[in-house]
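What follows is a set of notes on a single structure, which appears directly below.
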Amino acid sequence: MLTLLKEQLMPSWSADKCLQGTLKSWIVIALLGQWSFAIYILSIYALPLLIGAPELADKASPAQGFDNSGGFNSLMFFGHIIPAALMAMSGIFQLSPGVRKRYPRFHRYNGRLFLVLGMSGALTGLYLSWGVGIRLSDIGAMGVTLNGLLIPVFVVLAWRSALNKQFAAHQRWAVHSFILVNGVWAFRLFLMGWYVINQGPNGNTRSLDGPADIALSFLCYLLPMSIAELYFWAKKRRTDSAKWLATAAIGAATLITLIGVGAATILMWRPRVVMIFNSLF
């Protein structure tokens with residue numbers, strides 16, 4: 001009787017439950033960060049364009065070389081940032097097991113949209129960085145450039161495995177595609193989180209070519225991809241030690257994401273959104 005009462009009152013802290021619970025916590029925090037990013041993009045770019053005041057977007061945009069003339073480069077720019085907002089609003093749902101099981105049709109169509117927009121965002125981003133010159137420095141853009149080059153590779157792998165009904169492989173490649181497509185978003189989180197932890201820049205420059213800037217520009221997607229591989233490896237293992245290791249890694253990633261989302265929202269996105277709305281109203 002006493003044993004039964006303990007089982008009812010005390011939660012079961014199994015390795016599997018902790019692993020999945022930690023992953024769900026990260027998804028929730030990432031969802032809030034993605035929606036915050038979407039509001040930021042729509043506010044400083046789409047809203048001024050809709051009301052016929054593109055000069056406000058030029059003023060608020062952190063990107064040097066922003067073109068609001070309405071030409072081809074301007075079309076490419078908006079073709080890059082608007083899909084980013086759309087992916088930020090719905091892409092995270094692809095990682096939710098509940099959504100996959102309960103709404104399989106939404107998962108399929110949303111996944112196709114995400115992969116297409118991700119591919120488009122990668123190609124337009126590479127063109128804007130190296131064709132138009134919207135970058136702060138050459139060496140500082142290397143991390144983002146590698147990110148953009150990897151996106152089409154993993155998108156094709158995710159798409160092909162889905163067509164071949166290789167669902168385990170598809171899940172793996174799709175998760176990596178999600179991480180890569182959101183690499184620029186993650187870089188903002190890493191950068192702002194780094195500022196908060198150090199109480200200011202430390203190894204950073206205005207051109208984002210300092211040693212910390214360069215390291216973070218690669219770590220923002222390579223580190224999450226490594227943690228994802230650790231998660232897939234742990235799921236296949238029967239030992240709890242592997243699952244606890246993955247839980248600890250995802251827990252650390254959750255903490256980093258939480259700090260980054262809070263810092264980016266308060267220090268980077270909110271001030272520019274407030275500036276736009278103060279100029280409009």
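Letters A, B, ... mark the chains of the structure tokens in the order given; residue numbers begin at 1 per chain; ligand numbers begin at 1, in order shown.
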- Query: Leaving out A:Ile51 and any residue of its chain fewer than 6 positions from it, which residues lie within 12 Å of it when counting only C-alpha atoms, given as a list of chain:residue names?
  - Reply: A:Ser43, A:Ile44, A:Tyr45, A:Ala57, A:Ile276, A:Leu280
Go ahead and write the residues just picked, C-alpha atoms, as a compact mmCIF listing (two decimals), in the first residue's frame.
```txt
# COMPACT_ATOMS: atom_id res chain seq x y z
CA SER A 43 6.93 45.21 -38.29
CA ILE A 44 10.13 46.74 -39.69
CA TYR A 45 9.88 45.48 -43.28
CA ALA A 57 12.44 50.03 -43.19
CA ILE A 276 8.80 51.94 -36.42
CA LEU A 280 3.98 55.74 -37.82
```
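Residues with any atom within 8 Å of A:Pro83, counting only C-alpha atoms and excluding same-chain neighbours fewer than 3 positions away, are Gly79, His80, Leu86, Met87, Leu117 and Gly121 of chain A.
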- Message: Set the distance at 8 Å and use only C-alpha atoms: which residues neighbour stretch 16-30 of chain A once local chain neighbours fewer than 6 positions away are removed? I'd like the list as an MDAnalysis selection string.
- Response: chainID A and resid 92 95:96 240 243:244 246:247 250:251 253:254 257:258 261
I need the residues from that last selection saved to file as an mmCIF file, in the first residue's frame (with C-alpha atoms), if you can.
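Saved the output as part-v9.cif:
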```cif
data_model
loop_
_atom_site.group_PDB
_atom_site.id
_atom_site.type_symbol
_atom_site.label_atom_id
_atom_site.label_comp_id
_atom_site.auth_asym_id
_atom_site.auth_seq_id
_atom_site.Cartn_x
_atom_site.Cartn_y
_atom_site.Cartn_z
ATOM 1 C CA ILE A 92 8.597 25.008 -35.368
ATOM 2 C CA LEU A 95 9.241 19.327 -34.650
ATOM 3 C CA SER A 96 6.200 18.556 -32.498
ATOM 4 C CA ASP A 240 19.675 5.314 -19.577
ATOM 5 C CA LYS A 243 19.477 9.419 -22.611
ATOM 6 C CA TRP A 244 20.577 11.355 -19.530
ATOM 7 C CA ALA A 246 21.231 13.866 -24.289
ATOM 8 C CA THR A 247 18.860 15.350 -21.708
ATOM 9 C CA ILE A 250 19.266 19.633 -24.621
ATOM 10 C CA GLY A 251 18.791 21.208 -21.181
ATOM 11 C CA ALA A 253 20.577 24.253 -25.241
ATOM 12 C CA THR A 254 17.233 25.206 -23.686
ATOM 13 C CA THR A 257 17.915 29.574 -26.139
ATOM 14 C CA LEU A 258 16.020 31.140 -23.231
ATOM 15 C CA VAL A 261 15.454 34.850 -26.900
#
```
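Nearest to A:Met268 of all the residues A:Ile41, A:Leu219, A:Val132, A:Val156 is A:Ile41, based on only C-alpha atoms.
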- Excluding A:Leu157 and any residue of its chain fewer than 6 positions from it, enumerate the residues within 12 Å of it, using only C-alpha atoms, and give them as an MDAnalysis selection string. chainID A and resid 115 150:151 163:164 166:167 169:177
- Item | Option closest in space to A:Gly125, from A:Ala15, A:Leu49, A:Ala158, A:Ala84 [counting only C-alpha atoms] | A:Ala84
- Selection: 9 Å around A:Asp213, only C-alpha atoms, excl. self and same-chain fewer than 3 positions, as a list in words: Gly140, Leu191, Gly203, Asn204, Thr205, Ser207, Leu208, Asp209, Gly210, Leu216, Ser217 and Phe218 of chain A
Dump N, CA, C and O atoms for the selected residues as a PDB file, in the first residue's frame?
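result09.pdb, written as the output of this step:
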```pdb
ATOM      1  N   GLY A 140      33.556  37.917 -41.595  1.00  0.00           N
ATOM      2  CA  GLY A 140      32.425  37.752 -40.693  1.00  0.00           C
ATOM      3  C   GLY A 140      31.238  37.067 -41.343  1.00  0.00           C
ATOM      4  O   GLY A 140      30.373  36.525 -40.653  1.00  0.00           O
ATOM      5  N   LEU A 191      24.477  35.708 -30.234  1.00  0.00           N
ATOM      6  CA  LEU A 191      25.197  36.973 -30.117  1.00  0.00           C
ATOM      7  C   LEU A 191      24.665  37.809 -28.954  1.00  0.00           C
ATOM      8  O   LEU A 191      25.434  38.317 -28.126  1.00  0.00           O
ATOM      9  N   GLY A 203      35.306  40.251 -27.507  1.00  0.00           N
ATOM     10  CA  GLY A 203      35.763  39.574 -28.714  1.00  0.00           C
ATOM     11  C   GLY A 203      34.873  39.853 -29.898  1.00  0.00           C
ATOM     12  O   GLY A 203      34.882  39.096 -30.877  1.00  0.00           O
ATOM     13  N   ASN A 204      34.097  40.947 -29.823  1.00  0.00           N
ATOM     14  CA  ASN A 204      33.168  41.318 -30.889  1.00  0.00           C
ATOM     15  C   ASN A 204      33.571  42.652 -31.507  1.00  0.00           C
ATOM     16  O   ASN A 204      34.230  43.472 -30.865  1.00  0.00           O
ATOM     17  N   THR A 205      33.171  42.871 -32.747  1.00  0.00           N
ATOM     18  CA  THR A 205      33.385  44.145 -33.420  1.00  0.00           C
ATOM     19  C   THR A 205      32.083  44.589 -34.085  1.00  0.00           C
ATOM     20  O   THR A 205      31.141  43.806 -34.218  1.00  0.00           O
ATOM     21  N   SER A 207      31.709  45.155 -37.118  1.00  0.00           N
ATOM     22  CA  SER A 207      31.620  44.461 -38.407  1.00  0.00           C
ATOM     23  C   SER A 207      31.403  42.960 -38.257  1.00  0.00           C
ATOM     24  O   SER A 207      31.410  42.227 -39.245  1.00  0.00           O
ATOM     25  N   LEU A 208      31.243  42.519 -37.030  1.00  0.00           N
ATOM     26  CA  LEU A 208      30.999  41.099 -36.729  1.00  0.00           C
ATOM     27  C   LEU A 208      32.121  40.198 -37.259  1.00  0.00           C
ATOM     28  O   LEU A 208      31.863  39.094 -37.742  1.00  0.00           O
ATOM     29  N   ASP A 209      33.353  40.691 -37.174  1.00  0.00           N
ATOM     30  CA  ASP A 209      34.490  39.881 -37.609  1.00  0.00           C
ATOM     31  C   ASP A 209      35.502  39.665 -36.478  1.00  0.00           C
ATOM     32  O   ASP A 209      36.655  39.319 -36.719  1.00  0.00           O
ATOM     33  N   GLY A 210      35.050  39.879 -35.234  1.00  0.00           N
ATOM     34  CA  GLY A 210      35.891  39.573 -34.086  1.00  0.00           C
ATOM     35  C   GLY A 210      35.934  38.070 -33.848  1.00  0.00           C
ATOM     36  O   GLY A 210      35.132  37.312 -34.408  1.00  0.00           O
ATOM     37  N   LEU A 216      30.812  32.315 -33.018  1.00  0.00           N
ATOM     38  CA  LEU A 216      29.371  32.194 -32.847  1.00  0.00           C
ATOM     39  C   LEU A 216      28.660  31.988 -34.174  1.00  0.00           C
ATOM     40  O   LEU A 216      27.624  31.312 -34.230  1.00  0.00           O
ATOM     41  N   SER A 217      29.191  32.562 -35.258  1.00  0.00           N
ATOM     42  CA  SER A 217      28.549  32.422 -36.573  1.00  0.00           C
ATOM     43  C   SER A 217      28.583  30.982 -37.071  1.00  0.00           C
ATOM     44  O   SER A 217      27.756  30.581 -37.888  1.00  0.00           O
ATOM     45  N   PHE A 218      29.537  30.197 -36.600  1.00  0.00           N
ATOM     46  CA  PHE A 218      29.584  28.772 -36.937  1.00  0.00           C
ATOM     47  C   PHE A 218      28.860  27.926 -35.884  1.00  0.00           C
ATOM     48  O   PHE A 218      28.143  26.976 -36.218  1.00  0.00           O
TER      49      PHE A 218
END
```
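The closest residue to A:Ser120, picked from A:Leu245, A:Val155, A:Met275, A:Leu50 and counting only C-alpha atoms, is A:Val155.
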Would you kindly return, as a PDB file with all heavy atoms, in the first residue's frame, each protein, DNA or RNA residue with an atom no farther than 10 Å from any atom of A:Ser129, considering only C-alpha atoms and excluding same-chain residues fewer than 3 positions away?
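Output saved as result_29.pdb:
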```pdb
ATOM      1  N   GLY A  65      23.278  48.304 -46.929  1.00  0.00           N
ATOM      2  CA  GLY A  65      23.049  48.095 -48.347  1.00  0.00           C
ATOM      3  C   GLY A  65      21.608  47.744 -48.658  1.00  0.00           C
ATOM      4  O   GLY A  65      21.299  47.312 -49.769  1.00  0.00           O
ATOM      5  N   THR A 124      18.533  33.218 -52.045  1.00  0.00           N
ATOM      6  CA  THR A 124      18.447  34.686 -52.071  1.00  0.00           C
ATOM      7  C   THR A 124      19.423  35.299 -51.072  1.00  0.00           C
ATOM      8  O   THR A 124      19.986  36.367 -51.308  1.00  0.00           O
ATOM      9  CB  THR A 124      17.014  35.155 -51.746  1.00  0.00           C
ATOM     10  OG1 THR A 124      16.587  34.566 -50.510  1.00  0.00           O
ATOM     11  CG2 THR A 124      16.057  34.758 -52.858  1.00  0.00           C
ATOM     12  N   GLY A 125      19.632  34.607 -49.925  1.00  0.00           N
ATOM     13  CA  GLY A 125      20.580  35.118 -48.932  1.00  0.00           C
ATOM     14  C   GLY A 125      22.001  35.134 -49.456  1.00  0.00           C
ATOM     15  O   GLY A 125      22.748  36.098 -49.230  1.00  0.00           O
ATOM     16  N   LEU A 126      22.392  34.073 -50.166  1.00  0.00           N
ATOM     17  CA  LEU A 126      23.730  34.027 -50.752  1.00  0.00           C
ATOM     18  C   LEU A 126      23.892  35.121 -51.811  1.00  0.00           C
ATOM     19  O   LEU A 126      24.947  35.770 -51.904  1.00  0.00           O
ATOM     20  CB  LEU A 126      23.982  32.655 -51.371  1.00  0.00           C
ATOM     21  CG  LEU A 126      24.141  31.495 -50.376  1.00  0.00           C
ATOM     22  CD1 LEU A 126      24.140  30.162 -51.106  1.00  0.00           C
ATOM     23  CD2 LEU A 126      25.428  31.654 -49.563  1.00  0.00           C
ATOM     24  N   VAL A 132      24.975  41.336 -54.018  1.00  0.00           N
ATOM     25  CA  VAL A 132      24.608  42.716 -53.736  1.00  0.00           C
ATOM     26  C   VAL A 132      25.598  43.365 -52.775  1.00  0.00           C
ATOM     27  O   VAL A 132      25.863  44.562 -52.854  1.00  0.00           O
ATOM     28  CB  VAL A 132      23.173  42.783 -53.166  1.00  0.00           C
ATOM     29  CG1 VAL A 132      22.769  44.215 -52.854  1.00  0.00           C
ATOM     30  CG2 VAL A 132      22.189  42.162 -54.143  1.00  0.00           C
ATOM     31  N   GLY A 133      26.139  42.566 -51.867  1.00  0.00           N
ATOM     32  CA  GLY A 133      27.104  43.112 -50.903  1.00  0.00           C
ATOM     33  C   GLY A 133      26.506  43.487 -49.577  1.00  0.00           C
ATOM     34  O   GLY A 133      27.080  44.315 -48.839  1.00  0.00           O
ATOM     35  N   ILE A 134      25.337  42.900 -49.224  1.00  0.00           N
ATOM     36  CA  ILE A 134      24.730  43.189 -47.928  1.00  0.00           C
ATOM     37  C   ILE A 134      25.401  42.303 -46.877  1.00  0.00           C
ATOM     38  O   ILE A 134      24.908  41.227 -46.521  1.00  0.00           O
ATOM     39  CB  ILE A 134      23.209  42.957 -47.964  1.00  0.00           C
ATOM     40  CG1 ILE A 134      22.564  43.828 -49.039  1.00  0.00           C
ATOM     41  CG2 ILE A 134      22.580  43.270 -46.611  1.00  0.00           C
ATOM     42  CD1 ILE A 134      21.066  43.675 -49.138  1.00  0.00           C
ATOM     43  N   ARG A 135      26.547  42.722 -46.433  1.00  0.00           N
ATOM     44  CA  ARG A 135      27.298  42.041 -45.382  1.00  0.00           C
ATOM     45  C   ARG A 135      28.193  43.067 -44.704  1.00  0.00           C
ATOM     46  O   ARG A 135      28.583  44.068 -45.322  1.00  0.00           O
ATOM     47  CB  ARG A 135      28.137  40.895 -45.956  1.00  0.00           C
ATOM     48  CG  ARG A 135      29.190  41.318 -46.970  1.00  0.00           C
ATOM     49  CD  ARG A 135      29.937  40.106 -47.522  1.00  0.00           C
ATOM     50  NE  ARG A 135      31.053  40.500 -48.371  1.00  0.00           N
ATOM     51  CZ  ARG A 135      30.955  40.811 -49.658  1.00  0.00           C
ATOM     52  NH1 ARG A 135      29.760  40.775 -50.251  1.00  0.00           N
ATOM     53  NH2 ARG A 135      32.019  41.153 -50.363  1.00  0.00           N
ATOM     54  N   LEU A 136      28.505  42.822 -43.460  1.00  0.00           N
ATOM     55  CA  LEU A 136      29.312  43.761 -42.694  1.00  0.00           C
ATOM     56  C   LEU A 136      30.801  43.570 -42.945  1.00  0.00           C
ATOM     57  O   LEU A 136      31.571  44.527 -42.861  1.00  0.00           O
ATOM     58  CB  LEU A 136      29.002  43.619 -41.198  1.00  0.00           C
ATOM     59  CG  LEU A 136      27.564  43.980 -40.793  1.00  0.00           C
ATOM     60  CD1 LEU A 136      27.359  43.712 -39.307  1.00  0.00           C
ATOM     61  CD2 LEU A 136      27.262  45.433 -41.122  1.00  0.00           C
ATOM     62  N   SER A 137      31.221  42.352 -43.224  1.00  0.00           N
ATOM     63  CA  SER A 137      32.627  42.072 -43.523  1.00  0.00           C
ATOM     64  C   SER A 137      32.710  40.728 -44.233  1.00  0.00           C
ATOM     65  O   SER A 137      31.807  39.895 -44.119  1.00  0.00           O
ATOM     66  CB  SER A 137      33.475  42.046 -42.238  1.00  0.00           C
ATOM     67  OG  SER A 137      33.091  40.959 -41.415  1.00  0.00           O
ATOM     68  N   ASP A 138      33.813  40.524 -44.968  1.00  0.00           N
ATOM     69  CA  ASP A 138      33.979  39.264 -45.710  1.00  0.00           C
ATOM     70  C   ASP A 138      34.172  38.086 -44.767  1.00  0.00           C
ATOM     71  O   ASP A 138      33.488  37.069 -44.864  1.00  0.00           O
ATOM     72  CB  ASP A 138      35.170  39.367 -46.657  1.00  0.00           C
ATOM     73  CG  ASP A 138      34.915  40.334 -47.802  1.00  0.00           C
ATOM     74  OD1 ASP A 138      33.735  40.692 -48.006  1.00  0.00           O
ATOM     75  OD2 ASP A 138      35.891  40.724 -48.479  1.00  0.00           O
ATOM     76  N   ALA A 141      31.203  37.068 -42.675  1.00  0.00           N
ATOM     77  CA  ALA A 141      30.092  36.455 -43.402  1.00  0.00           C
ATOM     78  C   ALA A 141      30.339  34.993 -43.734  1.00  0.00           C
ATOM     79  O   ALA A 141      29.469  34.329 -44.298  1.00  0.00           O
ATOM     80  CB  ALA A 141      29.820  37.233 -44.691  1.00  0.00           C
ATOM     81  N   VAL A 144      27.832  32.438 -41.995  1.00  0.00           N
ATOM     82  CA  VAL A 144      26.503  32.498 -42.599  1.00  0.00           C
ATOM     83  C   VAL A 144      26.535  31.912 -44.008  1.00  0.00           C
ATOM     84  O   VAL A 144      25.579  31.267 -44.448  1.00  0.00           O
ATOM     85  CB  VAL A 144      25.995  33.955 -42.620  1.00  0.00           C
ATOM     86  CG1 VAL A 144      24.661  34.056 -43.345  1.00  0.00           C
ATOM     87  CG2 VAL A 144      25.861  34.487 -41.202  1.00  0.00           C
ATOM     88  N   THR A 145      27.644  32.128 -44.727  1.00  0.00           N
ATOM     89  CA  THR A 145      27.754  31.598 -46.089  1.00  0.00           C
ATOM     90  C   THR A 145      27.766  30.073 -46.088  1.00  0.00           C
ATOM     91  O   THR A 145      27.062  29.430 -46.890  1.00  0.00           O
ATOM     92  CB  THR A 145      29.037  32.128 -46.753  1.00  0.00           C
ATOM     93  OG1 THR A 145      28.974  33.559 -46.825  1.00  0.00           O
ATOM     94  CG2 THR A 145      29.182  31.558 -48.156  1.00  0.00           C
TER      95      THR A 145
END
```
- Task: Find the spatial neighbours of A:Tyr195, counting only C-alpha atoms, within a cut-off of 10 Å - ignore same-chain residues fewer than 4 positions away - and output them as a list in words.
- Result: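 Surrounding residues, per the criterion: Leu189, Phe190, Leu191, Gln199, Gly200, Pro201, Asn202, Asn204, Gly260, Ala263, Ala264 and Leu267 of chain A.
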- Task: Using DSSP on the backbone, list every residue of stretch 49-221 of chain A that comes out as alpha helix (DSSP H), and give them as a ChimeraX atom specification.
- Result: /A:49-50,54-60,72-90,97-102,104-126,142-163,167-181,183-198,211-221
- So what do you get for atom CA of A:Trp194 versus atom CA of A:Gly143, distance-wise?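 Result for atom CA of A:Trp194 versus atom CA of A:Gly143: 16.8 Å, one decimal.
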- Query: So which one's closest to A:Ala248, A:Met76, A:Met142, A:Leu230, A:Val99? Using only C-alpha atoms, please.
  - Reply: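 Checking each of A:Met76, A:Met142, A:Leu230, A:Val99 against A:Ala248, counting only C-alpha atoms, the winner is A:Leu230.
With only C-alpha atoms as the basis for measurement, A:Ile179 is the residue among A:Ile179, A:Leu146, A:Ile139, A:Leu56 that approaches A:Phe114 most closely.
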